[in-house]
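Visitor: Sharing start.txt, compact mmCIF, C-alpha atoms:
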```
# COMPACT_ATOMS: atom_id res chain seq x y z
CA MET A 253 125.88 76.32 57.66
CA GLU A 254 129.48 76.57 56.65
CA THR A 255 130.99 75.02 59.77
CA LYS A 256 129.64 71.94 61.49
CA ILE A 257 129.81 72.71 65.21
CA ILE A 258 128.95 69.11 65.97
CA GLN A 259 132.50 68.09 65.02
CA LYS A 260 133.60 69.53 68.38
CA TYR A 261 131.69 66.88 70.26
CA GLU A 262 131.45 63.13 70.51
CA THR A 263 128.77 61.76 68.19
CA VAL A 264 127.49 58.48 66.82
CA ASN A 265 126.41 57.91 63.24
CA LEU A 266 122.84 56.65 63.30
CA PHE A 267 120.85 56.28 60.08
CA GLY A 268 123.23 58.78 58.52
CA PHE A 269 122.70 61.43 61.23
CA SER A 270 125.43 62.62 63.58
CA VAL A 271 123.78 62.18 66.96
CA PHE A 272 125.24 63.93 69.99
CA CYS A 273 126.51 61.60 72.73
CA ASP A 274 128.69 63.97 74.73
CA SER A 275 128.04 65.86 77.97
CA LEU A 276 125.84 68.95 77.90
CA ASP A 277 128.55 70.60 80.01
CA LYS A 278 130.84 70.57 76.99
CA ILE A 279 128.55 72.57 74.71
CA ASP A 280 130.05 75.91 73.73
CA PHE A 281 127.16 78.38 73.82
CA LYS A 282 129.41 81.21 72.69
CA THR A 283 129.38 80.00 69.08
CA ARG A 284 126.44 80.02 66.67
CA THR A 285 124.63 76.78 67.45
CA VAL A 286 121.34 75.26 66.32
CA ILE A 287 120.19 72.42 68.56
CA ASN A 288 117.55 69.94 67.45
CA THR A 289 116.37 66.60 68.78
CA ILE A 290 115.64 63.27 67.11
CA ASN A 291 113.31 60.49 68.21
CA PRO A 292 111.70 57.56 66.39
CA HIS A 293 108.74 59.63 65.24
CA SER A 294 110.80 62.52 63.92
CA TYR A 295 113.05 60.09 62.05
CA HIS A 296 110.01 58.51 60.40
CA VAL A 297 108.61 61.93 59.46
CA ALA A 298 111.99 63.03 58.08
CA LEU A 299 112.02 60.12 55.64
CA ASN A 300 108.98 61.64 53.97
CA ASP A 301 109.95 65.32 54.27
CA ASP A 302 113.07 66.58 52.50
CA THR A 303 113.13 69.94 54.26
CA PHE A 304 112.80 68.38 57.69
CA TYR A 305 115.41 65.75 56.89
CA ASP A 306 117.88 68.45 55.85
CA ALA A 307 117.10 70.54 58.94
CA LEU A 308 117.97 67.59 61.18
CA ALA A 309 121.06 66.71 59.16
CA ASP A 310 122.26 70.32 59.32
CA SER A 311 121.88 70.55 63.11
CA ASP A 312 124.95 71.74 64.91
CA ILE A 313 123.86 69.47 67.74
CA LEU A 314 121.29 66.69 67.34
CA LEU A 315 120.19 65.29 70.70
CA PRO A 316 119.00 61.68 71.15
CA ASP A 317 115.58 62.52 72.60
CA GLY A 318 113.96 59.11 72.84
CA ILE A 319 114.67 55.70 74.27
CA GLY A 320 114.09 54.29 70.78
CA ILE A 321 117.13 56.19 69.50
CA VAL A 322 119.21 54.96 72.43
CA LEU A 323 118.22 51.34 71.82
CA ALA A 324 118.69 51.64 68.05
CA ASN A 325 122.24 52.85 68.64
CA ARG A 326 122.86 49.97 71.03
CA ILE A 327 121.76 47.49 68.34
CA LEU A 328 123.36 49.13 65.31
CA ASN A 329 126.54 50.64 66.75
CA LYS A 330 126.88 48.37 69.79
CA SER A 331 127.58 51.36 72.00
CA LYS A 332 125.78 53.07 74.86
CA ILE A 333 124.52 56.64 74.66
CA GLN A 334 122.35 58.59 77.07
CA LYS A 335 118.90 59.90 76.22
CA ILE A 336 118.92 63.70 76.34
CA ALA A 337 115.51 65.31 76.16
CA GLY A 338 114.76 68.86 75.13
CA PHE A 339 113.71 69.50 78.73
CA ASP A 340 117.15 68.35 79.94
CA LEU A 341 118.79 70.84 77.59
CA PHE A 342 116.46 73.64 78.64
CA MET A 343 117.07 73.15 82.36
CA HIS A 344 120.81 72.76 81.76
CA ILE A 345 120.93 76.16 80.06
CA LEU A 346 119.00 77.84 82.88
CA GLU A 347 121.09 76.24 85.63
CA ARG A 348 124.41 76.82 83.87
CA ASN A 349 123.70 80.54 83.48
CA LYS A 350 121.86 81.30 86.72
CA SER A 351 124.73 83.34 88.13
CA LYS A 352 124.65 85.90 85.32
CA PRO A 353 122.01 87.85 83.40
CA ILE A 354 120.83 86.24 80.16
CA LYS A 355 118.14 87.08 77.63
CA CYS A 356 115.81 84.32 76.48
CA PHE A 357 113.17 84.61 73.76
CA PHE A 358 110.36 82.06 73.52
CA LEU A 359 108.70 81.61 70.12
CA GLY A 360 105.61 79.43 69.85
CA SER A 361 102.64 78.10 71.83
CA THR A 362 99.76 80.16 73.20
CA SER A 363 99.84 83.46 75.05
CA THR A 364 98.57 81.68 78.17
CA THR A 365 101.44 79.19 78.11
CA LEU A 366 103.99 81.91 77.44
CA ARG A 367 102.74 84.02 80.34
CA ALA A 368 103.04 80.99 82.63
CA ILE A 369 106.62 80.45 81.45
CA GLY A 370 107.48 84.07 82.13
CA LYS A 371 105.91 83.96 85.58
CA ARG A 372 107.81 80.81 86.57
CA LEU A 373 111.09 82.11 85.19
CA ASN A 374 110.70 85.34 87.13
CA LYS A 375 110.31 83.32 90.33
CA GLU A 376 112.94 80.61 89.77
CA TYR A 377 115.48 82.38 87.56
CA PRO A 378 115.25 86.15 88.14
CA ASN A 379 118.48 86.55 86.17
CA VAL A 380 116.59 85.71 82.96
CA GLN A 381 115.25 88.58 80.92
CA PHE A 382 112.19 87.13 79.20
CA ALA A 383 110.45 87.95 75.92
CA CYS A 384 108.06 85.94 73.80
CA PHE A 385 105.79 85.83 70.79
CA SER A 386 102.82 83.59 70.03
CA PRO A 387 102.69 83.11 66.27
CA PRO A 388 99.45 82.58 64.36
CA PHE A 389 98.21 78.99 64.37
CA LYS A 390 98.41 77.96 60.75
CA ASP A 391 100.07 75.19 58.76
CA GLU A 392 102.32 77.57 56.86
CA PHE A 393 103.48 81.05 57.76
CA SER A 394 103.34 83.86 55.24
CA LYS A 395 106.33 86.01 54.39
CA ASN A 396 104.88 88.75 56.58
CA ASP A 397 104.45 86.30 59.46
CA ASN A 398 108.09 85.29 59.26
CA GLU A 399 109.30 88.85 59.00
CA GLU A 400 107.25 89.82 62.06
CA MET A 401 108.64 86.95 64.13
CA VAL A 402 112.22 87.63 63.08
CA SER A 403 111.76 91.33 63.85
CA TYR A 404 110.49 90.63 67.38
CA ILE A 405 113.39 88.28 68.05
CA ASN A 406 116.12 90.49 66.65
CA SER A 407 114.85 93.62 68.41
CA PHE A 408 115.13 91.76 71.74
CA ASP A 409 118.66 90.56 70.87
CA PRO A 410 118.47 87.32 72.90
CA ASP A 411 121.28 85.05 74.00
CA PHE A 412 119.00 82.04 73.58
CA LEU A 413 116.03 81.48 71.30
CA PHE A 414 113.69 78.65 72.32
CA VAL A 415 111.27 77.55 69.62
CA GLY A 416 108.22 75.52 70.61
CA MET A 417 106.07 74.89 67.56
CA THR A 418 106.41 71.06 67.63
CA ALA A 419 108.28 69.04 65.03
CA PRO A 420 108.72 69.31 62.11
CA LYS A 421 107.38 72.87 61.98
CA GLN A 422 109.90 74.36 64.41
CA GLU A 423 112.98 72.81 62.78
CA LYS A 424 111.86 73.84 59.31
CA TRP A 425 111.08 77.38 60.45
CA THR A 426 114.50 77.76 62.06
CA SER A 427 116.28 76.39 58.99
CA GLU A 428 114.37 78.65 56.63
CA ASN A 429 114.87 81.83 58.70
CA LEU A 430 118.30 81.17 60.20
CA LYS A 431 120.14 83.61 57.94
CA ASP A 432 117.96 86.48 59.18
CA LEU A 433 118.16 85.70 62.90
CA ASN A 434 120.59 87.62 65.11
CA VAL A 435 120.83 85.10 67.92
CA ASN A 436 123.65 82.86 68.98
CA VAL A 437 121.89 79.74 70.25
CA ILE A 438 118.62 78.34 68.88
CA CYS A 439 116.95 75.38 70.58
CA ASN A 440 113.93 73.66 69.03
CA ILE A 441 112.33 72.05 72.07
CA GLY A 442 108.62 71.59 71.32
CA ALA A 443 106.67 70.23 74.30
CA VAL A 444 109.11 71.76 76.81
CA PHE A 445 107.06 74.96 76.72
CA ASP A 446 104.02 73.14 78.12
CA PHE A 447 106.09 71.14 80.63
CA TYR A 448 107.72 74.22 82.10
CA ALA A 449 104.52 76.26 82.04
CA GLY A 450 102.66 73.48 83.80
CA THR A 451 100.00 73.21 81.08
CA ALA A 452 101.12 69.60 80.54
CA LYS A 453 102.74 67.25 83.04
CA ARG A 454 106.03 65.56 82.28
CA ALA A 455 106.37 61.91 83.25
CA PRO A 456 107.50 61.15 86.82
CA SER A 457 111.26 60.89 87.20
CA TYR A 458 111.21 57.13 87.77
CA LEU A 459 109.57 56.66 84.35
CA VAL A 460 111.93 59.12 82.68
CA ASN A 461 114.98 57.43 84.21
CA ASN A 462 113.79 54.00 83.07
CA GLY A 463 113.12 55.00 79.47
CA LEU A 464 109.34 55.02 79.81
CA GLU A 465 108.55 58.69 79.30
CA TRP A 466 107.06 57.82 75.90
CA LEU A 467 104.57 55.49 77.61
CA HIS A 468 103.43 58.18 80.02
CA ARG A 469 102.96 60.70 77.23
CA SER A 470 101.08 58.15 75.12
CA MET A 471 98.72 57.38 77.99
CA THR A 472 97.93 61.06 78.57
CA SER A 473 97.32 62.02 74.93
CA THR A 474 95.18 60.25 72.34
CA ARG A 475 97.17 61.95 69.58
CA LEU A 476 100.49 60.72 70.97
CA LEU A 477 99.08 57.24 71.58
CA LYS A 478 98.04 56.96 67.93
CA ARG A 479 101.46 58.26 66.92
CA SER A 480 103.25 55.68 69.07
CA LEU A 481 101.13 52.82 67.78
CA THR A 482 101.91 53.85 64.21
CA THR A 483 105.52 54.95 64.43
CA SER A 484 106.99 52.44 66.89
CA PRO A 485 106.47 49.34 64.70
CA LEU A 486 107.80 51.25 61.69
CA PHE A 487 110.88 52.35 63.59
CA LEU A 488 111.55 48.76 64.66
CA HIS A 489 111.35 47.85 60.98
CA TYR A 490 113.85 50.59 60.08
CA VAL A 491 116.26 49.34 62.75
CA PHE A 492 115.91 45.75 61.53
CA VAL A 493 116.59 46.72 57.90
CA GLU A 494 119.59 48.82 58.92
CA TYR A 495 120.89 45.95 61.03
CA MET A 496 120.59 43.57 58.07
CA ARG A 497 122.38 46.06 55.84
CA ASN A 498 125.24 46.21 58.30
CA LEU A 499 125.26 42.44 58.57
CA MET A 500 125.46 42.09 54.80
CA GLY A 501 128.21 44.67 54.58
CA VAL A 502 126.35 47.51 52.90
CA ASN A 503 128.78 50.36 53.45
CA GLU A 504 127.85 53.53 55.27
CA GLU A 505 128.36 55.77 52.27
CA ASN A 506 125.92 53.84 50.12
CA THR A 507 123.39 53.68 52.94
CA ASP A 508 123.44 57.46 53.27
CA VAL A 509 122.94 57.90 49.54
CA ILE A 510 119.97 55.53 49.56
CA SER A 511 118.38 57.22 52.59
CA LYS A 512 118.90 60.69 51.18
CA SER A 513 117.73 60.06 47.65
CA ASN A 514 114.71 57.79 48.19
CA ARG A 515 113.55 59.28 51.47
CA ILE A 516 111.86 55.96 52.34
CA PRO A 517 114.71 53.48 51.85
CA TYR A 518 112.94 50.59 53.55
```
Show me this structure written as structure tokens.

Guide:
Amino acid sequence: METKIIQKYETVNLFGFSVFCDSLDKIDFKTRTVINTINPHSYHVALNDDTFYDALADSDILLPDGIGIVLANRILNKSKIQKIAGFDLFMHILERNKSKPIKCFFLGSTSTTLRAIGKRLNKEYPNVQFACFSPPFKDEFSKNDNEEMVSYINSFDPDFLFVGMTAPKQEKWTSENLKDLNVNVICNIGAVFDFYAGTAKRAPSYLVNNGLEWLHRSMTSTRLLKRSLTTSPLFLHYVFVEYMRNLMGVNEENTDVISKSNRIPY
């Protein structure tokens, strides 16, 4: 991307990433914008995956989707930011545009989930023209797969493209196919597809508001529980090392170089 849209908004520098800390109301959806999210797990994965790391770093807007990111910023930058989940972004877009017709394309998940999304949108947001595509379930897409997906999207000419393939697959796909996509706003929002379709339940609001959504998700999924038990201690280690670097006066520029070049700088 030639122009960093994120410079329009308030951000914090966390582990070398420019993390959005502004109001969703200030986002300009009229300009080409790729929106990703970062949480402790995705940060850990990015340290081992160059393509994913670059996709996050190149985000026009990188949302702090995780209480771990919020707390890390509090410790490292001594400032307060608000957790903004992909679901928050999704609902903000729908509510903000409910008085006018918009076209939304959903890429990812199963046909059953996509049909449920379309049915709920038709009931709650009749202004939304809906289209979708369920890509083949495979680790890597072929050139023909990518061309087919891009063709479906571009022929629909959406205002918003929502990608729900889970991280890091969705961010990498968007980054690799961005030049061929004729869409203004691209949001990589993963589990939001299942939350909105009702195929998975989001945590109750009192847990979300108290930073415990991760606990609810871990308790309802063995895969996410294993992920939390593995990633959370590692992320605490990353925060501690970064804190010690700051304490010892390791400058920001050198820290970025270390993180970028070694991928696991801890």

Visitor: Looking at only C-alpha atoms, which of A:Asp306, A:Glu428, A:Asp301, A:Glu376 is the one that sits closest to Lys395 of chain A?

Guide: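 Looking only at the distances to Lys395 of chain A, the closest residue turns out to be A:Glu428.
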
Visitor: Smallest atom-to-atom distance to Tyr261 of chain A: which of A:Val286, A:Ala324, A:Ala298, A:Ile313, using only C-alpha atoms?

Guide: A:Ile313

Visitor: Could you please give me, as a list in words, the residues of protein, DNA or RNA lying at most 9 Å from (114.9, 59.6, 61.0) in the coordinate frame of the file, considering only C-alpha atoms?

Guide: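 Protein and nucleic acid residues near the point are Leu266, Phe267, Gly268, Phe269, Ile290, Asn291, Pro292, His293, Ser294, Tyr295, His296, Val297, Ala298, Leu299, Tyr305, Leu308 and Phe487 of chain A.
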
Visitor: Looking at A:Ile279, A:Met343, A:Ile287, A:Val491, which one is nearest to Arg326 of chain A, with distances taken over all atoms listed in the file?

Guide: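 Among the listed residues, A:Val491 lies closest to Arg326 of chain A.
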
Visitor: Which distance in Å separates atom CA of Arg367 of chain A and atom CA of Leu315 of chain A, to one decimal?

Guide: 27.4 Å

Visitor: Box in all listed atoms of segment 442-453 of chain A, axis-aligned, with 4 Å more on each side; write out centre and edge lengths in Å to one decimal as JSON.

Guide:
```
{"center_x": 104.6, "center_y": 71.8, "center_z": 77.6, "size_x": 17.1, "size_y": 17.0, "size_z": 20.5}
```

Visitor: In terms of the shortest atom-to-atom distance over all atoms listed in the file, which of A:Ile441, A:Val435, A:Ala368, A:Val380 is closest to Leu314 of chain A?

Guide: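 Answer, going by the shortest atom-to-atom distance: A:Ile441.
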
Visitor: Show me the residues around (117.1, 82.8, 84.4) - criterion: an atom at most 12 Å away, only C-alpha atoms counted - as a ChimeraX atom specification.

Guide: /A:342-357,369-383,411-412

Visitor: Pick out the closest residue to Thr362 of chain A from this set: A:Pro485, A:Gly416, A:Gly338, A:Gly318. Count only C-alpha atoms.

Guide: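 Residue with the minimum atom-to-atom distance to Thr362 of chain A: A:Gly416.
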
Visitor: Using atom CA of Asp302 of chain A and atom CA of Asn325 of chain A as the two end points, give the distance in Å to one decimal.

Guide: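 We find that atom CA of Asp302 of chain A and atom CA of Asn325 of chain A lie 23.1 Å from each other.
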